[in-house]
$ cat upload11.tsv   # TSV, C-alpha atoms and all ligand atoms
chain	number	residue	atom	x	y	z
A	1	MET	CA	161.58	181.62	113.81
A	2	TYR	CA	161.22	178.11	115.24
A	3	ILE	CA	164.20	176.75	117.15
A	4	ALA	CA	163.91	173.14	118.25
A	5	GLU	CA	164.13	172.21	121.93
A	6	LYS	CA	167.76	171.49	122.77
A	7	GLU	CA	167.06	168.50	125.00
A	8	ARG	CA	164.71	166.76	122.55
A	9	TYR	CA	166.82	163.62	122.12
A	10	SER	CA	167.06	162.96	125.85
A	11	LYS	CA	163.28	162.54	126.13
A	12	MET	CA	162.63	159.78	123.61
A	13	THR	CA	163.63	156.15	123.13
A	14	TYR	CA	164.87	155.13	119.66
A	15	ASN	CA	164.46	151.55	118.48
A	16	ARG	CA	166.27	149.83	115.63
A	17	CYS	CA	163.92	149.02	112.77
A	18	GLY	CA	164.38	145.28	112.24
A	19	ALA	CA	167.87	144.44	111.04
A	20	SER	CA	168.27	147.78	109.27
A	21	GLY	CA	170.53	150.68	110.15
A	22	LEU	CA	167.55	152.97	110.78
A	23	LYS	CA	166.25	153.79	114.25
A	24	LEU	CA	162.73	155.08	114.82
A	25	PRO	CA	161.35	156.89	117.86
A	26	ALA	CA	159.11	154.82	120.14
A	27	PHE	CA	156.38	157.29	119.18
A	28	SER	CA	155.84	158.59	115.67
A	29	LEU	CA	153.16	161.10	114.68
A	30	GLY	CA	150.58	160.33	111.98
A	31	LEU	CA	148.82	162.97	109.88
A	32	TRP	CA	145.73	160.98	108.88
A	33	HIS	CA	143.34	163.28	110.80
A	34	ASN	CA	143.53	166.97	111.77
A	35	PHE	CA	145.96	168.02	109.01
A	36	GLY	CA	143.41	168.51	106.22
A	37	SER	CA	142.17	171.58	104.39
A	38	ASN	CA	139.48	172.37	107.01
A	39	ASP	CA	141.78	172.11	110.03
A	40	SER	CA	143.59	174.91	111.85
A	41	PHE	CA	147.00	175.56	110.32
A	42	ASP	CA	148.33	177.01	113.59
A	43	ASN	CA	147.21	173.91	115.50
A	44	MET	CA	148.89	171.53	113.06
A	45	THR	CA	152.08	173.61	113.13
A	46	ASN	CA	152.03	173.45	116.94
A	47	MET	CA	151.46	169.70	116.88
A	48	LEU	CA	154.43	169.08	114.59
A	49	THR	CA	156.82	171.33	116.51
A	50	THR	CA	155.60	169.98	119.87
A	51	ALA	CA	156.23	166.46	118.61
A	52	PHE	CA	159.71	167.27	117.32
A	53	ASP	CA	160.57	169.06	120.58
A	54	LEU	CA	159.70	165.82	122.39
A	55	GLY	CA	162.03	163.78	120.19
A	56	ILE	CA	159.44	162.51	117.70
A	57	THR	CA	161.50	162.41	114.54
A	58	HIS	CA	159.13	160.35	112.40
A	59	PHE	CA	156.06	161.78	110.65
A	60	ASP	CA	153.72	159.46	108.76
A	61	LEU	CA	151.74	160.61	105.71
A	62	ALA	CA	149.85	159.04	102.81
A	63	ASN	CA	148.76	160.38	99.43
A	64	ASN	CA	145.08	160.33	100.44
A	65	TYR	CA	145.28	161.95	103.91
A	66	GLY	CA	143.11	165.04	104.16
A	67	PRO	CA	140.35	165.79	103.44
A	68	TYR	CA	140.65	166.70	100.62
A	69	PRO	CA	143.01	163.86	99.64
A	70	GLY	CA	146.52	165.27	99.36
A	71	SER	CA	145.88	168.26	101.64
A	72	ALA	CA	147.76	166.73	104.60
A	73	GLU	CA	150.86	166.43	102.41
A	74	GLU	CA	150.40	170.00	101.21
A	75	ASN	CA	150.03	171.33	104.76
A	76	PHE	CA	152.98	169.27	105.95
A	77	GLY	CA	155.05	170.70	103.08
A	78	LYS	CA	154.17	174.28	104.08
A	79	ILE	CA	154.98	173.66	107.74
A	80	LEU	CA	158.22	171.97	106.81
A	81	LYS	CA	159.22	174.99	104.73
A	82	ASN	CA	158.25	177.48	107.47
A	83	THR	CA	159.63	175.69	110.52
A	84	LEU	CA	161.23	172.26	110.29
A	85	ALA	CA	163.22	172.57	107.03
A	86	PRO	CA	166.57	173.21	108.79
A	87	TYR	CA	166.06	169.88	110.58
A	88	ARG	CA	165.31	167.78	107.45
A	89	ASP	CA	168.21	165.43	108.09
A	90	GLU	CA	166.88	164.78	111.61
A	91	LEU	CA	163.50	163.66	110.26
A	92	VAL	CA	162.10	160.41	108.91
A	93	ILE	CA	159.15	161.26	106.65
A	94	SER	CA	156.99	158.57	105.12
A	95	SER	CA	154.20	158.49	102.59
A	96	LYS	CA	152.11	155.78	100.95
A	97	ALA	CA	150.07	154.88	97.91
A	98	GLY	CA	147.58	152.05	97.51
A	99	TYR	CA	144.09	153.49	97.99
A	100	PHE	CA	142.01	155.45	95.47
A	101	MET	CA	143.62	158.74	94.58
A	102	TRP	CA	142.53	159.82	91.11
A	103	ASP	CA	140.04	158.84	88.40
A	104	GLY	CA	140.75	156.31	85.70
A	105	PRO	CA	142.60	152.99	85.80
A	106	TYR	CA	145.94	154.38	87.08
A	107	GLY	CA	145.03	156.11	90.35
A	108	ASP	CA	144.52	153.15	92.72
A	109	ARG	CA	145.91	149.77	93.88
A	110	GLY	CA	149.46	148.54	93.17
A	111	SER	CA	150.64	148.94	89.59
A	112	ARG	CA	154.04	150.40	88.82
A	113	LYS	CA	152.23	153.13	86.84
A	114	TYR	CA	150.22	154.20	89.92
A	115	LEU	CA	152.94	153.88	92.56
A	116	VAL	CA	155.61	155.86	90.71
A	117	ALA	CA	153.20	158.61	89.58
A	118	SER	CA	151.70	158.87	93.08
A	119	CYS	CA	155.12	159.05	94.71
A	120	ASP	CA	156.02	161.92	92.34
A	121	GLN	CA	152.77	163.72	93.21
A	122	SER	CA	153.44	163.27	96.95
A	123	LEU	CA	156.98	164.63	96.57
A	124	LYS	CA	155.59	167.67	94.76
A	125	ARG	CA	152.89	168.30	97.39
A	126	THR	CA	155.33	168.06	100.28
A	127	GLY	CA	158.16	169.85	98.47
A	128	LEU	CA	160.52	167.05	99.49
A	129	ASP	CA	163.39	165.72	97.35
A	130	TYR	CA	162.83	162.22	98.72
A	131	PHE	CA	160.80	160.25	101.27
A	132	ASP	CA	162.64	158.33	103.94
A	133	ILE	CA	160.09	155.51	103.74
A	134	PHE	CA	157.63	154.86	100.92
A	135	TYR	CA	154.86	152.32	101.54
A	136	HIS	CA	152.54	150.23	99.49
A	137	HIS	CA	149.40	151.06	101.52
A	138	ARG	CA	147.47	147.83	100.91
A	139	PRO	CA	147.92	144.65	98.88
A	140	ASP	CA	146.44	144.60	95.36
A	141	PRO	CA	145.02	141.23	94.30
A	142	GLU	CA	144.89	142.38	90.66
A	143	THR	CA	148.55	143.32	90.19
A	144	PRO	CA	151.30	140.67	90.26
A	145	MET	CA	153.22	141.14	93.48
A	146	GLU	CA	156.43	141.06	91.43
A	147	GLU	CA	155.34	144.30	89.70
A	148	THR	CA	154.57	146.08	92.97
A	149	ALA	CA	157.93	144.93	94.38
A	150	GLN	CA	159.72	146.14	91.25
A	151	ALA	CA	157.97	149.52	91.54
A	152	LEU	CA	159.07	149.88	95.19
A	153	ASP	CA	162.63	148.86	94.27
A	154	TYR	CA	162.60	151.40	91.41
A	155	ILE	CA	161.33	154.14	93.74
A	156	VAL	CA	164.39	153.57	95.91
A	157	ARG	CA	166.88	153.17	93.06
A	158	SER	CA	165.63	156.34	91.37
A	159	GLY	CA	166.22	158.35	94.56
A	160	ARG	CA	162.56	158.96	95.40
A	161	ALA	CA	162.79	157.10	98.73
A	162	LEU	CA	165.44	155.60	100.97
A	163	TYR	CA	163.49	152.61	102.30
A	164	VAL	CA	160.25	150.78	101.53
A	165	GLY	CA	157.43	149.40	103.63
A	166	ILE	CA	154.08	147.68	103.31
A	167	SER	CA	150.81	148.02	105.16
A	168	ASN	CA	147.68	145.92	105.65
A	169	TYR	CA	149.39	142.81	104.20
A	170	ASN	CA	148.53	139.40	105.72
A	171	PRO	CA	151.29	136.96	106.83
A	172	GLU	CA	151.59	135.15	103.47
A	173	GLN	CA	151.60	138.42	101.51
A	174	THR	CA	154.17	139.89	103.90
A	175	MET	CA	156.50	136.93	103.44
A	176	GLU	CA	156.10	136.95	99.67
A	177	MET	CA	156.78	140.68	99.40
A	178	ALA	CA	159.77	140.42	101.74
A	179	HIS	CA	161.29	137.65	99.59
A	180	LEU	CA	160.68	139.54	96.33
A	181	LEU	CA	162.20	142.73	97.71
A	182	ARG	CA	165.20	140.89	99.14
A	183	ASP	CA	165.87	139.31	95.73
A	184	LEU	CA	165.72	142.76	94.13
A	185	GLY	CA	168.24	144.13	96.66
A	186	THR	CA	165.86	146.57	98.39
A	187	PRO	CA	165.00	144.86	101.68
A	188	LEU	CA	161.61	145.35	103.30
A	189	LEU	CA	162.19	147.88	106.08
A	190	ILE	CA	158.89	147.83	107.90
A	191	ASN	CA	155.32	146.56	108.09
A	192	GLN	CA	152.66	149.02	109.27
A	193	VAL	CA	149.79	147.23	111.06
A	194	ARG	CA	146.70	148.07	113.09
A	195	TYR	CA	147.63	147.02	116.62
A	196	ASN	CA	146.00	147.95	119.91
A	197	MET	CA	144.37	146.34	122.95
A	198	PHE	CA	141.25	145.57	120.87
A	199	GLU	CA	143.11	144.39	117.78
A	200	ARG	CA	145.68	141.80	118.75
A	201	THR	CA	145.78	139.55	115.68
A	202	PRO	CA	149.30	140.70	114.68
A	203	GLU	CA	150.55	138.96	117.86
A	204	ASP	CA	149.78	135.60	116.23
A	205	TRP	CA	152.14	136.06	113.33
A	206	LEU	CA	153.74	139.46	112.96
A	207	TRP	CA	156.69	139.28	115.30
A	208	SER	CA	157.92	135.88	114.09
A	209	VAL	CA	157.48	136.64	110.36
A	210	LEU	CA	159.19	139.99	110.64
A	211	GLU	CA	162.03	138.67	112.77
A	212	ASN	CA	162.71	136.01	110.15
A	213	GLU	CA	162.69	138.66	107.43
A	214	GLY	CA	164.74	141.23	109.40
A	215	ALA	CA	161.97	143.83	109.07
A	216	GLY	CA	160.58	146.16	111.72
A	217	SER	CA	156.97	146.91	112.64
A	218	ILE	CA	154.99	150.04	113.40
A	219	ALA	CA	151.48	150.18	114.88
A	220	PHE	CA	148.67	152.39	113.67
A	221	CYS	CA	145.46	153.34	115.54
A	222	PRO	CA	147.11	152.43	118.88
A	223	LEU	CA	144.22	154.06	120.78
A	224	ALA	CA	141.56	152.57	118.48
A	225	GLN	CA	140.98	156.13	117.25
A	226	GLY	CA	140.39	157.41	120.80
A	227	LEU	CA	138.24	154.57	122.18
A	228	LEU	CA	141.16	153.47	124.38
A	229	THR	CA	141.13	156.75	126.30
A	230	ASN	CA	138.82	158.06	128.98
A	231	LYS	CA	137.09	160.46	126.55
A	232	TYR	CA	134.09	158.29	125.61
A	233	LEU	CA	133.38	156.95	129.13
A	234	HIS	CA	130.42	159.31	129.56
A	235	GLY	CA	129.12	159.80	126.04
A	236	ILE	CA	130.53	161.49	122.95
A	237	PRO	CA	132.16	164.86	123.66
A	238	GLU	CA	131.75	167.72	121.19
A	239	GLY	CA	134.70	168.06	118.85
A	240	SER	CA	135.93	164.47	119.33
A	241	ARG	CA	136.77	162.34	116.29
A	242	ALA	CA	133.46	160.48	116.63
A	243	THR	CA	131.63	163.74	115.88
A	244	LYS	CA	133.51	164.60	112.71
A	245	SER	CA	135.18	161.63	111.02
A	246	GLN	CA	133.78	159.14	108.54
A	247	PHE	CA	136.06	156.52	110.13
A	248	LEU	CA	134.66	156.68	113.69
A	249	ASN	CA	130.97	157.37	114.20
A	250	ALA	CA	128.54	157.31	117.13
A	251	ASP	CA	127.51	153.72	116.31
A	252	ARG	CA	131.08	152.47	116.62
A	253	VAL	CA	131.50	154.30	119.92
A	254	ASN	CA	128.20	152.94	121.25
A	255	GLN	CA	129.20	149.39	120.28
A	256	ALA	CA	132.58	149.69	122.03
A	257	PRO	CA	133.00	147.44	125.09
A	258	ILE	CA	132.51	150.18	127.67
A	259	ASP	CA	132.88	147.76	130.64
A	260	LYS	CA	136.32	146.73	129.42
A	261	ILE	CA	137.35	150.34	128.87
A	262	LYS	CA	136.21	151.23	132.41
A	263	ALA	CA	138.10	148.28	133.90
A	264	LEU	CA	141.24	149.21	131.95
A	265	ASN	CA	140.84	152.81	133.09
A	266	GLU	CA	140.86	151.62	136.71
A	267	ILE	CA	144.17	149.78	136.20
A	268	ALA	CA	145.62	152.87	134.52
A	269	GLU	CA	144.55	155.05	137.47
A	270	LYS	CA	146.21	152.63	139.91
A	271	ARG	CA	149.40	152.89	137.85
A	272	GLY	CA	149.17	156.71	138.02
A	273	GLN	CA	148.62	156.98	134.26
A	274	THR	CA	145.80	157.97	131.96
A	275	LEU	CA	144.22	155.16	129.98
A	276	ALA	CA	145.72	156.62	126.77
A	277	GLN	CA	149.19	156.45	128.32
A	278	MET	CA	148.69	152.88	129.52
A	279	ALA	CA	147.31	151.68	126.17
A	280	LEU	CA	150.30	153.17	124.34
A	281	LEU	CA	152.86	151.71	126.73
A	282	TRP	CA	151.11	148.33	126.46
A	283	ASP	CA	151.62	148.42	122.66
A	284	LEU	CA	155.33	148.97	123.24
A	285	ARG	CA	155.76	146.08	125.70
A	286	GLY	CA	156.66	143.72	122.80
A	287	PRO	CA	159.02	143.95	119.85
A	288	LEU	CA	157.28	146.80	117.96
A	289	THR	CA	159.71	149.35	116.57
A	290	SER	CA	157.36	152.33	116.93
A	291	VAL	CA	153.77	153.36	117.59
A	292	ILE	CA	152.16	155.99	115.36
A	293	ILE	CA	150.02	158.22	117.49
A	294	GLY	CA	147.38	160.57	116.12
A	295	ALA	CA	146.38	163.77	117.90
A	296	SER	CA	143.92	166.64	117.62
A	297	ARG	CA	145.98	169.03	119.76
A	298	PRO	CA	149.53	169.41	121.12
A	299	GLU	CA	148.48	168.58	124.72
A	300	GLN	CA	147.56	165.03	123.66
A	301	ILE	CA	151.05	164.52	122.22
A	302	ILE	CA	152.63	165.75	125.46
A	303	GLU	CA	150.39	163.45	127.52
A	304	ASN	CA	151.00	160.47	125.28
A	305	VAL	CA	154.80	160.77	125.18
A	306	LYS	CA	154.82	160.96	129.01
A	307	SER	CA	153.72	157.31	129.00
A	308	LEU	CA	157.40	156.46	128.54
A	309	ASP	CA	158.12	157.83	132.05
A	310	ALA	CA	155.96	155.18	133.74
A	311	PRO	CA	157.35	151.93	135.17
A	312	ALA	CA	157.15	148.81	132.97
A	313	PHE	CA	154.14	146.55	133.51
A	314	THR	CA	154.37	143.89	136.20
A	315	ASP	CA	153.40	140.33	135.25
A	316	ASP	CA	150.29	140.71	137.42
A	317	GLU	CA	149.20	143.86	135.61
A	318	LEU	CA	149.69	142.21	132.21
A	319	LYS	CA	147.66	139.22	133.40
A	320	MET	CA	144.84	141.46	134.64
A	321	ILE	CA	144.79	143.33	131.32
A	322	ASP	CA	144.69	140.03	129.40
A	323	GLU	CA	141.77	138.88	131.54
A	324	ILE	CA	139.83	142.11	130.87
A	325	LEU	CA	140.50	141.93	127.14
A	326	GLY	CA	139.43	138.27	127.11
A	401	LIG	N1	148.46	152.13	107.21
A	401	LIG	C1	147.18	152.34	107.39
A	401	LIG	O1	146.32	151.75	106.70
A	401	LIG	C2	146.76	153.32	108.45
A	401	LIG	C3	145.41	153.39	108.86
A	401	LIG	C4	145.06	154.29	109.86
A	401	LIG	C5	146.04	155.09	110.45
A	401	LIG	N2	147.34	155.02	110.02
A	401	LIG	C6	148.40	155.87	110.62
A	401	LIG	O2	148.31	155.81	112.04
A	401	LIG	C7	148.19	157.14	112.56
A	401	LIG	C8	147.47	157.13	113.88
A	401	LIG	O3	146.14	156.66	113.71
A	401	LIG	P1	145.00	157.25	114.64
A	401	LIG	O4	144.99	158.74	114.51
A	401	LIG	O5	143.75	156.50	114.39
A	401	LIG	O6	145.62	156.88	116.09
A	401	LIG	P2	144.96	156.70	117.52
A	401	LIG	O7	146.08	156.99	118.46
A	401	LIG	O8	144.30	155.38	117.64
A	401	LIG	O9	143.83	157.84	117.64
A	401	LIG	C9	144.21	159.18	117.70
A	401	LIG	C10	143.03	160.02	118.21
A	401	LIG	O10	142.72	159.67	119.57
A	401	LIG	C11	142.45	160.85	120.30
A	401	LIG	N3	143.51	160.99	121.33
A	401	LIG	C12	144.86	160.91	121.16
A	401	LIG	N4	145.49	161.09	122.33
A	401	LIG	C13	144.53	161.24	123.27
A	401	LIG	C14	144.56	161.45	124.66
A	401	LIG	N5	145.70	161.49	125.34
A	401	LIG	N6	143.38	161.59	125.32
A	401	LIG	C15	142.20	161.55	124.67
A	401	LIG	N7	142.11	161.35	123.33
A	401	LIG	C16	143.27	161.19	122.64
A	401	LIG	C17	142.45	162.00	119.31
A	401	LIG	O11	141.13	162.12	118.76
A	401	LIG	P3	140.13	163.34	119.06
A	401	LIG	O12	139.95	164.02	117.76
A	401	LIG	O13	138.87	162.67	119.51
A	401	LIG	O14	140.75	164.23	120.10
A	401	LIG	C18	143.38	161.48	118.24
A	401	LIG	O15	143.22	162.12	117.00
A	401	LIG	C19	147.51	157.91	111.42
A	401	LIG	O16	147.68	159.31	111.52
A	401	LIG	C20	148.24	157.34	110.22
A	401	LIG	O17	149.51	157.94	110.09
A	401	LIG	C21	147.71	154.13	109.05
$ encode --input "upload11.tsv" --output "structure tokens"
Amino acid sequence: MYIAEKERYSKMTYNRCGASGLKLPAFSLGLWHNFGSNDSFDNMTNMLTTAFDLGITHFDLANNYGPYPGSAEENFGKILKNTLAPYRDELVISSKAGYFMWDGPYGDRGSRKYLVASCDQSLKRTGLDYFDIFYHHRPDPETPMEETAQALDYIVRSGRALYVGISNYNPEQTMEMAHLLRDLGTPLLINQVRYNMFERTPEDWLWSVLENEGAGSIAFCPLAQGLLTNKYLHGIPEGSRATKSQFLNADRVNQAPIDKIKALNEIAEKRGQTLAQMALLWDLRGPLTSVIIGASRPEQIIENVKSLDAPAFTDDELKMIDEILG
């Protein structure tokens, strides 16, 4: 029987999510990769318990995570039942709908029909009574934003979720959705955005928009799927994401700015950190609420959470990193 590490809450920092009452761990764990039907069940169980033992209380899912789509939610549900169920009230579990999930006109995008049905399917797959956060995964230009907002509000009012979020929305869409949700009485909790050393566009708008709206922010792909680590410095290692995912292939790795990665790696070494640790801490230097890490094995989670032990960046280090990133 799994018993959680007693000292887990002393190892993690918890940040308030915008102006809400909810705090999220500085690091959350995402189940996009390595939790599908072809992955090792023991390894995914170890990753979830390792994460929780380190104080990671937030696990991020979506309806389509797998492959096959839905299998990450099914595996999470099994692991929850076997190990983490006694700790349900210590967990923040999120899921999303917005990308293609099933055939026909009702299994994609942002209609009320799709979002409510998909949320019900996700609850069934995970065996949960409710999600802590339910997201609209991407904006839908074909559905009135009022309808998507009403669906999210309904999902909360009907007890299917406690809070709502959005992902992949641009600044104007974020503001519009935040206003619609506020008028409905279900405030926008959080915006989930791609943010890492190679993808800094959220810096131009995200913090100010979200501060005005009282919403928090959470970064995905903080290591650019592994490019911001030392693993691709000398080619593509067997078993890495670039050898097995449709979202990161050899071409993308070969086009990555290897000189920049090497220069960043040197700064990380001088700081006594791995590049992964430095890239994650760099994400957290601003007002982000949390960073969603992905992992293929428990050791990566342990290494990544250790980044919180390092000293904050000096102004000189931040300047050098800015110069490398250009
Ligand atoms: N809202 C959205 O549209 C959206 C989109 C994408 C992701 N997300 C969320 O964000 C989460 C994280 O995304 P991500 O998995 O792409 O994050 P990431 O942190 O950029 O990449 C994680 C991958 O990097 C490698 N890695 C991690 N730690 C490492 C270390 N210390 N040393 C060497 N390699 C390391 C592992 O790949 P290997 O297999 O190579 O070991 C791992 O699977 C997802 O699970 C999902 O919850 C959301």
$ residues_around --input "upload11.tsv" --residues "region 115-128 of chain A" --least-positions-apart "6" --cutoff "6 Å" --atoms "only C-alpha atoms" --output "number ranges by chain"
A: 73-74, 77
$ residues_around --input "upload11.tsv" --residues "region 31-39 of chain A" --least-positions-apart "3" --cutoff "8 Å" --atoms "only C-alpha atoms" --output "VMD selection string"
chain A and resid 43 to 44 59 to 62 65 to 68 71 to 72 75 to 76 294 to 296
$ closest_residue --input "upload11.tsv" --among "A:Leu284, A:Cys17, A:Ile261, A:Val193" --to "ligand LIG 401 (chain A)" --atoms "all atoms listed in the file"
A:Val193
$ closest_residue --input "upload11.tsv" --among "A:Gln273, A:Asn265, A:Thr229, A:Thr49" --to "ligand LIG 401 (chain A)" --atoms "all atoms listed in the file"
A:Thr229
$ atom_distance --input "upload11.tsv" --atom1 "CA of Pro237 (chain A)" --atom2 "atom C6 of ligand LIG 401 (chain A)"
22.7 Å
$ residues_near_ligand --input "upload11.tsv" --ligand "ligand LIG 401 (chain A)" --cutoff "7 Å" --atoms "all atoms listed in the file" --output "VMD selection string"
chain A and resid 29 to 33 60 to 61 137 167 to 168 192 to 194 220 to 226 229 to 231 239 to 242 276 to 277 292 to 296 300 to 301 303 to 304
$ atom_distance --input "upload11.tsv" --atom1 "CA of Ser111 (chain A)" --atom2 "CA of Tyr154 (chain A)"
12.3 Å
$ closest_residue --input "upload11.tsv" --among "A:Leu210, A:Met175, A:Ala215, A:Leu152" --to "Leu22 (chain A)" --atoms "all atoms listed in the file"
A:Ala215
$ atom_distance --input "upload11.tsv" --atom1 "CA of Ala4 (chain A)" --atom2 "CA of Gly165 (chain A)"
28.6 Å
$ residues_around --input "upload11.tsv" --residues "region 10-12 of chain A" --least-positions-apart "6" --cutoff "10 Å" --atoms "only C-alpha atoms" --output "PyMOL selection string"
chain A and resi 24-27+53-57+305-306+308-309
$ residues_near_point --input "upload11.tsv" --point "(156.8, 153.1, 104.8)" --cutoff "8 Å" --atoms "all atoms listed in the file" --output "PyMOL selection string"
chain A and resi 94-96+132-136+163-167+189-192
$ residues_around --input "upload11.tsv" --residues "Tyr114 (chain A)" --least-positions-apart "4" --cutoff "12 Å" --atoms "only C-alpha atoms" --output "PyMOL selection string"
chain A and resi 63+96-110+118-122+136+140+143+147-148+151-152+155
$ write_last_selection --input "upload11.tsv" --atoms "C-alpha atoms" --output "short mmCIF file (atom, residue, chain, number, x, y, z; two decimals), in the frame of the given file"
data_model
loop_
_atom_site.label_atom_id
_atom_site.label_comp_id
_atom_site.auth_asym_id
_atom_site.auth_seq_id
_atom_site.Cartn_x
_atom_site.Cartn_y
_atom_site.Cartn_z
CA ASN A 63 148.76 160.38 99.43
CA LYS A 96 152.11 155.78 100.95
CA ALA A 97 150.07 154.88 97.91
CA GLY A 98 147.58 152.05 97.51
CA TYR A 99 144.09 153.49 97.99
CA PHE A 100 142.01 155.45 95.47
CA MET A 101 143.62 158.74 94.58
CA TRP A 102 142.53 159.82 91.11
CA ASP A 103 140.04 158.84 88.40
CA GLY A 104 140.75 156.31 85.70
CA PRO A 105 142.60 152.99 85.80
CA TYR A 106 145.94 154.38 87.08
CA GLY A 107 145.03 156.11 90.35
CA ASP A 108 144.52 153.15 92.72
CA ARG A 109 145.91 149.77 93.88
CA GLY A 110 149.46 148.54 93.17
CA SER A 118 151.70 158.87 93.08
CA CYS A 119 155.12 159.05 94.71
CA ASP A 120 156.02 161.92 92.34
CA GLN A 121 152.77 163.72 93.21
CA SER A 122 153.44 163.27 96.95
CA HIS A 136 152.54 150.23 99.49
CA ASP A 140 146.44 144.60 95.36
CA THR A 143 148.55 143.32 90.19
CA GLU A 147 155.34 144.30 89.70
CA THR A 148 154.57 146.08 92.97
CA ALA A 151 157.97 149.52 91.54
CA LEU A 152 159.07 149.88 95.19
CA ILE A 155 161.33 154.14 93.74
#
$ closest_residue --input "upload11.tsv" --among "A:Gln173, A:Thr314, A:Asn46, A:Thr201" --to "Leu80 (chain A)" --atoms "all atoms listed in the file"
A:Asn46
$ closest_residue --input "upload11.tsv" --among "A:Asp251, A:Glu203, A:Thr83, A:Ala149" --to "Arg285 (chain A)" --atoms "all atoms listed in the file"
A:Glu203
$ residues_around --input "upload11.tsv" --residues "Glu317 (chain A)" --least-positions-apart "6" --cutoff "10 Å" --atoms "all atoms listed in the file" --output "VMD selection string"
chain A and resid 267 to 268 271 323
$ write_last_selection --input "upload11.tsv" --atoms "C-alpha atoms" --output "PDB file, keeping the file's coordinate frame"
ATOM      1  CA  ILE A 267     144.170 149.780 136.200  1.00  0.00           C
ATOM      2  CA  ALA A 268     145.620 152.870 134.520  1.00  0.00           C
ATOM      3  CA  ARG A 271     149.400 152.890 137.850  1.00  0.00           C
ATOM      4  CA  GLU A 323     141.770 138.880 131.540  1.00  0.00           C
TER       5      GLU A 323
END
$ closest_residue --input "upload11.tsv" --among "A:Asn82, A:Ala178, A:Lys23, A:Leu188" --to "Asp42 (chain A)" --atoms "all atoms listed in the file"
A:Asn82
$ build_atoms --input "upload11.tsv" --residues "region 117-129 of chain A" --atoms "N, CA and C atoms" --output "PDB file, in the coordinates of the input"
ATOM      1  N   ALA A 117     153.847 157.305  89.798  1.00  0.00           N
ATOM      2  CA  ALA A 117     153.200 158.610  89.580  1.00  0.00           C
ATOM      3  C   ALA A 117     152.751 159.201  90.917  1.00  0.00           C
ATOM      4  N   SER A 118     152.190 158.357  91.808  1.00  0.00           N
ATOM      5  CA  SER A 118     151.700 158.870  93.080  1.00  0.00           C
ATOM      6  C   SER A 118     152.855 159.354  93.956  1.00  0.00           C
ATOM      7  N   CYS A 119     153.955 158.623  93.924  1.00  0.00           N
ATOM      8  CA  CYS A 119     155.120 159.050  94.710  1.00  0.00           C
ATOM      9  C   CYS A 119     155.587 160.431  94.203  1.00  0.00           C
ATOM     10  N   ASP A 120     155.617 160.614  92.897  1.00  0.00           N
ATOM     11  CA  ASP A 120     156.020 161.920  92.340  1.00  0.00           C
ATOM     12  C   ASP A 120     155.060 163.026  92.786  1.00  0.00           C
ATOM     13  N   GLN A 121     153.762 162.713  92.771  1.00  0.00           N
ATOM     14  CA  GLN A 121     152.770 163.720  93.210  1.00  0.00           C
ATOM     15  C   GLN A 121     152.982 164.063  94.693  1.00  0.00           C
ATOM     16  N   SER A 122     153.244 163.037  95.506  1.00  0.00           N
ATOM     17  CA  SER A 122     153.440 163.270  96.950  1.00  0.00           C
ATOM     18  C   SER A 122     154.690 164.104  97.204  1.00  0.00           C
ATOM     19  N   LEU A 123     155.749 163.832  96.423  1.00  0.00           N
ATOM     20  CA  LEU A 123     156.980 164.630  96.570  1.00  0.00           C
ATOM     21  C   LEU A 123     156.690 166.092  96.227  1.00  0.00           C
ATOM     22  N   LYS A 124     155.920 166.298  95.184  1.00  0.00           N
ATOM     23  CA  LYS A 124     155.590 167.670  94.760  1.00  0.00           C
ATOM     24  C   LYS A 124     154.761 168.366  95.852  1.00  0.00           C
ATOM     25  N   ARG A 125     153.763 167.660  96.382  1.00  0.00           N
ATOM     26  CA  ARG A 125     152.890 168.300  97.390  1.00  0.00           C
ATOM     27  C   ARG A 125     153.663 168.667  98.653  1.00  0.00           C
ATOM     28  N   THR A 126     154.586 167.800  99.048  1.00  0.00           N
ATOM     29  CA  THR A 126     155.330 168.060 100.280  1.00  0.00           C
ATOM     30  C   THR A 126     156.549 168.958 100.044  1.00  0.00           C
ATOM     31  N   GLY A 127     156.959 169.073  98.774  1.00  0.00           N
ATOM     32  CA  GLY A 127     158.160 169.850  98.470  1.00  0.00           C
ATOM     33  C   GLY A 127     159.445 169.121  98.834  1.00  0.00           C
ATOM     34  N   LEU A 128     159.330 167.824  99.104  1.00  0.00           N
ATOM     35  CA  LEU A 128     160.520 167.050  99.490  1.00  0.00           C
ATOM     36  C   LEU A 128     161.283 166.568  98.251  1.00  0.00           C
ATOM     37  N   ASP A 129     162.591 166.341  98.423  1.00  0.00           N
ATOM     38  CA  ASP A 129     163.390 165.720  97.350  1.00  0.00           C
ATOM     39  C   ASP A 129     163.213 164.207  97.381  1.00  0.00           C
TER      40      ASP A 129
END
